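Novice: I'd like to ask you about the structure that follows.
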Amino acid sequence: MKICCLGAGYVGGPTMAMIAYKCPEHTVTVADINQSRIDAWNSDDLPVFEPGLDDVVKAARGRNLFFTSDKVTAIKDADIVFVSVGTPTKTYGMDSGQAADLKFVELCARDIAAYSDRSKIVVEKSTLPVKTAESLKTVLEANSSDHIDFQVLSNPEFLAEGTAVEDLNNPDRVLIGGEESPEGQKAIETLVDVYAGWIDREKIITTNIWSSELSKLVANAFLAQRISSINSISALCEETGADVDEVAFAVGTDSRIGPKFLKASVGFGGSCFQKDLLNLVYLCDHFGLPDVACYWRGVIEINDWQKRRFSKRIINSLFNTVNDKRIAMLGFAFKKDTNDTRESAAIYVGRDLLEEQAKLAIYDPKVSPKQIHLDLQAEEGSSRQDQIDICEDAYAAAEGAHALAIMTEWDAFKSLDYQKIYDKMMKPAFLFDGRNVANHKELREIGFRVYTIGR
Ligand code: NAD
Ligand code: UGA
């Protein structure tokens, strides 16, 4: 098979690298319109940080894995074209802040139609609103000649950042949806055969196309819902003396509930949970189901409230003013083991504190200073720039700080020398643990005033 993927981002890059690594008999070409991203994929410094990804890419790159900006040749040569471009929430015009922006996906469909001179399977890898396959098929058919048949499949991706390689290597399931026609079933079988190169066939679920598209949104909505559920309880724990981690453990040992995704936090981030929830809410409203929309909107509202609650706690604890005070932020990525900051809780809390005229000293092991400045709207020349100090390590960030806020659960933050940090800080020294990663008993013994989530 000749496989092409449009979009070399957090999903397209790792997913295609894994297919190429596991299936040397297929040739996989990943095409992107962003030349610098392609250059990075072809270098030793990959644009996506994921544990284990370097080895997978190095083993397959140049053998049967190629990164290119020549989408024309990549599309022309391919039997299967994956579409793995962004589907962000719309930020303009009608339904701004709600609907998914499908501009990039439609442009891919137009390119595929324009550059194909034979039939192909087109695979939706991006997360899309249910019924998008219909629009894709319409665009593909309206822009190509009659003898070409495009079979559109939905094959949503369930990997999580930070564990992408592990998730791709050994997924809970692979989901493939297609048309119920004989041609549709044949296309499904072709894609099943690719994944069966390393995944048990029992784990490959096939459905109709609408079930597949919707299942992806629902999976993310259920995961996000669990986090908002436990975060709402974290506030109640703080009022009552219950410990949210103990509650989560006690509740999660019920095999009907299960232990995963019950870690209370400063709020979920990442490029997808909020976007996909908004998309689900939009679809429910669109199909005349306002009560269902309202139910899922609540998951986002609790998440926004949790982030804001954390900012307020910092400000209130520091005697109701953070004006000119240095606040050290440890971690800026939306979770550990990734350099991705999209929708990170650190951005929201950081912006709240900047509004209050605080000075931020930020350290993250993987996020670039440029990205942090961009996220905090503090690019060169902006008045906010002198409010932000990007630090080499946690100790430099703590120097002269009134408070320390742990924003990301990087493993390294568990084993810091907190006595050394305490010694460098202004007194009283406050520590706000947004991820409940540090040893709070030890911190209190050192002298920190500790605020945790839900304890
Ligand atoms: P991303 O922004 O990291 O990557 C998208 C890439 O597509 C960019 O590099 C962009 O330059 C490229 N692109 C845009 N238009 C193009 C075109 N016409 N031709 C070729 N390339 C083009 O996005 P991502 O995080 O990889 O997400 C992609 C999709 O996968 C989204 O729908 C997302 O919801 C979904 N998803 C993401 C994750 C995740 O962990 N990030 C997990 C599962 C699903
Ligand atoms: C999530 C899903 O887990 C993936 O299955 C899905 O493919 C992906 O979205 C997507 O569609 O993009 P991701 O956002 O990469 O993956 O990472 P998660 O591990 O789900 O974490 C999301 C956020 O929730 C992070 O900010 C994390 O810190 C937070 N979280 C997670 C909690 O606050 N508590 C938890 O118990 C779990």
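Every chain in the structure tokens takes a letter, A first, then B, and so on in the order presented; its residues are numbered from 1, and the ligands are numbered from 1 following the presented order.
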Using only C-alpha atoms, which residues sit within 12 Å of Tyr115 in chain A once same-chain residues fewer than 2 positions away are excluded, as a list in words?
Specialist: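 So the residues in contact are Asp70, Lys71, Val72, Thr73, Ala74, Ile75, Lys76, Asp77, Ala78, Val81, Cys108, Ala109, Arg110, Asp111, Ile112, Ala113, Asp117, Arg118, Ser119, Lys120, Leu140, Asn143, Ser144, Ser145 and Ile148 of chain A.
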Novice: Save out the residues we just selected, N, CA and C atoms, as an mmCIF file, in the first residue's frame.
Specialist:
```cif
data_model
loop_
_atom_site.group_PDB
_atom_site.id
_atom_site.type_symbol
_atom_site.label_atom_id
_atom_site.label_comp_id
_atom_site.auth_asym_id
_atom_site.auth_seq_id
_atom_site.Cartn_x
_atom_site.Cartn_y
_atom_site.Cartn_z
ATOM 1 N N ASP A 70 5.551 18.339 -0.464
ATOM 2 C CA ASP A 70 5.007 18.124 -1.808
ATOM 3 C C ASP A 70 3.732 17.278 -1.719
ATOM 4 N N LYS A 71 2.623 17.957 -1.394
ATOM 5 C CA LYS A 71 1.377 17.203 -1.196
ATOM 6 C C LYS A 71 0.834 16.665 -2.521
ATOM 7 N N VAL A 72 1.188 17.330 -3.631
ATOM 8 C CA VAL A 72 0.658 16.893 -4.927
ATOM 9 C C VAL A 72 1.118 15.465 -5.235
ATOM 10 N N THR A 73 2.424 15.237 -5.167
ATOM 11 C CA THR A 73 2.950 13.895 -5.449
ATOM 12 C C THR A 73 2.472 12.896 -4.401
ATOM 13 N N ALA A 74 2.460 13.344 -3.151
ATOM 14 C CA ALA A 74 2.045 12.431 -2.073
ATOM 15 C C ALA A 74 0.614 11.936 -2.310
ATOM 16 N N ILE A 75 -0.268 12.841 -2.696
ATOM 17 C CA ILE A 75 -1.673 12.461 -2.931
ATOM 18 C C ILE A 75 -1.772 11.578 -4.183
ATOM 19 N N LYS A 76 -1.122 12.018 -5.243
ATOM 20 C CA LYS A 76 -1.188 11.302 -6.538
ATOM 21 C C LYS A 76 -0.796 9.835 -6.379
ATOM 22 N N ASP A 77 0.286 9.599 -5.632
ATOM 23 C CA ASP A 77 0.832 8.238 -5.514
ATOM 24 C C ASP A 77 0.017 7.334 -4.601
ATOM 25 N N ALA A 78 -0.828 7.909 -3.747
ATOM 26 C CA ALA A 78 -1.375 7.130 -2.629
ATOM 27 C C ALA A 78 -2.582 6.262 -2.989
ATOM 28 N N VAL A 81 -5.459 7.910 1.613
ATOM 29 C CA VAL A 81 -5.063 9.255 2.078
ATOM 30 C C VAL A 81 -5.722 9.530 3.427
ATOM 31 N N CYS A 108 -8.370 20.004 2.195
ATOM 32 C CA CYS A 108 -7.735 18.703 1.906
ATOM 33 C C CYS A 108 -8.572 17.935 0.895
ATOM 34 N N ALA A 109 -9.895 17.929 1.099
ATOM 35 C CA ALA A 109 -10.768 17.193 0.175
ATOM 36 C C ALA A 109 -10.611 17.755 -1.243
ATOM 37 N N ARG A 110 -10.542 19.075 -1.335
ATOM 38 C CA ARG A 110 -10.394 19.690 -2.668
ATOM 39 C C ARG A 110 -9.047 19.314 -3.301
ATOM 40 N N ASP A 111 -7.987 19.279 -2.474
ATOM 41 C CA ASP A 111 -6.665 18.866 -2.985
ATOM 42 C C ASP A 111 -6.702 17.406 -3.439
ATOM 43 N N ILE A 112 -7.323 16.554 -2.639
ATOM 44 C CA ILE A 112 -7.354 15.119 -2.977
ATOM 45 C C ILE A 112 -8.075 14.933 -4.311
ATOM 46 N N ALA A 113 -9.191 15.628 -4.468
ATOM 47 C CA ALA A 113 -9.943 15.511 -5.717
ATOM 48 C C ALA A 113 -9.108 16.042 -6.892
ATOM 49 N N ASP A 117 -5.716 10.754 -9.849
ATOM 50 C CA ASP A 117 -6.110 10.283 -11.173
ATOM 51 C C ASP A 117 -6.602 8.836 -11.112
ATOM 52 N N ARG A 118 -6.837 8.332 -9.890
ATOM 53 C CA ARG A 118 -7.453 7.002 -9.739
ATOM 54 C C ARG A 118 -8.192 6.946 -8.409
ATOM 55 N N SER A 119 -8.953 5.873 -8.213
ATOM 56 C CA SER A 119 -9.771 5.750 -7.005
ATOM 57 C C SER A 119 -8.895 5.637 -5.757
ATOM 58 N N LYS A 120 -9.427 6.145 -4.649
ATOM 59 C CA LYS A 120 -8.661 6.116 -3.402
ATOM 60 C C LYS A 120 -9.586 5.977 -2.200
ATOM 61 N N LEU A 140 -15.508 15.747 -2.780
ATOM 62 C CA LEU A 140 -14.625 14.878 -3.572
ATOM 63 C C LEU A 140 -15.273 14.545 -4.918
ATOM 64 N N ASN A 143 -15.638 17.340 -7.599
ATOM 65 C CA ASN A 143 -14.400 17.905 -8.142
ATOM 66 C C ASN A 143 -13.507 16.877 -8.831
ATOM 67 N N SER A 144 -14.062 15.714 -9.170
ATOM 68 C CA SER A 144 -13.226 14.710 -9.833
ATOM 69 C C SER A 144 -14.025 14.073 -10.963
ATOM 70 N N SER A 145 -13.315 13.331 -11.801
ATOM 71 C CA SER A 145 -14.032 12.740 -12.944
ATOM 72 C C SER A 145 -14.793 11.476 -12.531
ATOM 73 N N ILE A 148 -13.535 7.909 -11.129
ATOM 74 C CA ILE A 148 -12.807 7.806 -9.848
ATOM 75 C C ILE A 148 -13.796 7.637 -8.705
#
```
Novice: Dump the neighbourhood of ligand 2 as a PyMOL selection string: all residues within 6 Å, distances computed on only C-alpha atoms and all ligand atoms.
Specialist: chain A and resi 157-161+220+227+261-265+267-270+272-273+334-335
Novice: May I ask which of the residues A:Val367, A:Leu416, A:Ile3, A:Leu330 is the closest one to Glu442 in chain A, counting only C-alpha atoms?
Specialist: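 Closest to Glu442 in chain A, using only C-alpha atoms: A:Leu416.
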Novice: What residues have any atom no more than 9 Å from ligand 1 when counting only C-alpha atoms and all ligand atoms, and can you list them as a ChimeraX atom specification?
Specialist: /A:5-14,30-35,37-38,48,69,71,83-88,103-111,124-128,156-162,164,216,270-273,275-276,340
Novice: What parts of range 346-379 of chain A does DSSP call strand (DSSP E)? I'd like the answer as a list in words.
Specialist: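 DSSP on the backbone gives strand (DSSP E) at Lys359, Leu360, Ala361, Ile362 and Tyr363 of chain A.
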Novice: Tell me which protein, DNA and RNA residues are within 9 Å of Asp352 in chain A, counting only C-alpha atoms, leaving out same-chain ones fewer than 6 positions away, and put them as a list in words.
Specialist: Arg308, Ser311 and Lys312 of chain A
Novice: Filtering to C-alpha atoms, could you give me those residues as a PDB file, in the first residue's frame?
Specialist:
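Listing of again.pdb after writing:
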```
ATOM      1  CA  ARG A 308     -10.618  30.504  37.998  1.00  0.00           C
ATOM      2  CA  SER A 311      -6.305  31.842  40.460  1.00  0.00           C
ATOM      3  CA  LYS A 312      -8.594  33.349  43.093  1.00  0.00           C
TER       4      LYS A 312
END
```
Novice: Find the spatial neighbours of range 376-379 of chain A, counting only C-alpha atoms, within a cut-off of 8 Å - ignore same-chain residues fewer than 5 positions away - and output them as a ChimeraX atom specification.
Specialist: /A:347,350-351,370,384-385,388
Novice: Counting only C-alpha atoms, which of A:Asn231, A:Ala114, A:Trp296, A:Leu431 gets nearest to Ala142 in chain A?
Specialist: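 Closest to Ala142 in chain A of all the choices is A:Ala114.
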Novice: Out of A:Thr206, A:Gln98, A:Asn170, A:Thr408, which residue has the shortest atom-to-atom distance to Gln185 in chain A when counting only C-alpha atoms?
Specialist: A:Thr206
Novice: Looking at only C-alpha atoms, which of A:Val122, A:Val57, A:Met1, A:Val247 is the one that sits closest to Val194 in chain A?
Specialist: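 Using only C-alpha atoms, the shortest distance to Val194 in chain A belongs to A:Met1.
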Novice: Among the residues of range 36-180 of chain A, find those DSSP assigns to alpha helix (DSSP H) from the backbone and print them as JSON, numbers by chain.
Specialist: {"A": [36, 37, 38, 39, 40, 41, 53, 54, 55, 56, 57, 58, 59, 60, 71, 72, 73, 74, 75, 76, 77, 103, 104, 105, 106, 107, 108, 109, 110, 111, 112, 113, 114, 115, 132, 133, 134, 135, 136, 137, 138, 139, 140, 141, 142, 164, 165, 166, 167, 168, 169]}
Novice: Please provide the set of residues having any atom within 10 Å of Gly97 in chain A, restricted to only C-alpha atoms, with same-chain residues fewer than 3 positions apart removed, written as a PyMOL selection string.
Specialist: chain A and resi 88-94+100-101+275+278-279+282
Novice: At what distance in Å, to one decimal, does CA of Ile314 in chain A lie from CA of Glu246 in chain A?
Specialist: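 According to the coordinates, CA of Glu246 in chain A and CA of Ile314 in chain A are separated by 24.1 Å.
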Novice: Rounded to one decimal in Å, what is the spacing between CA of Leu46 in chain A and CA of Lys366 in chain A?
Specialist: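 So the answer is 12.4 Å.
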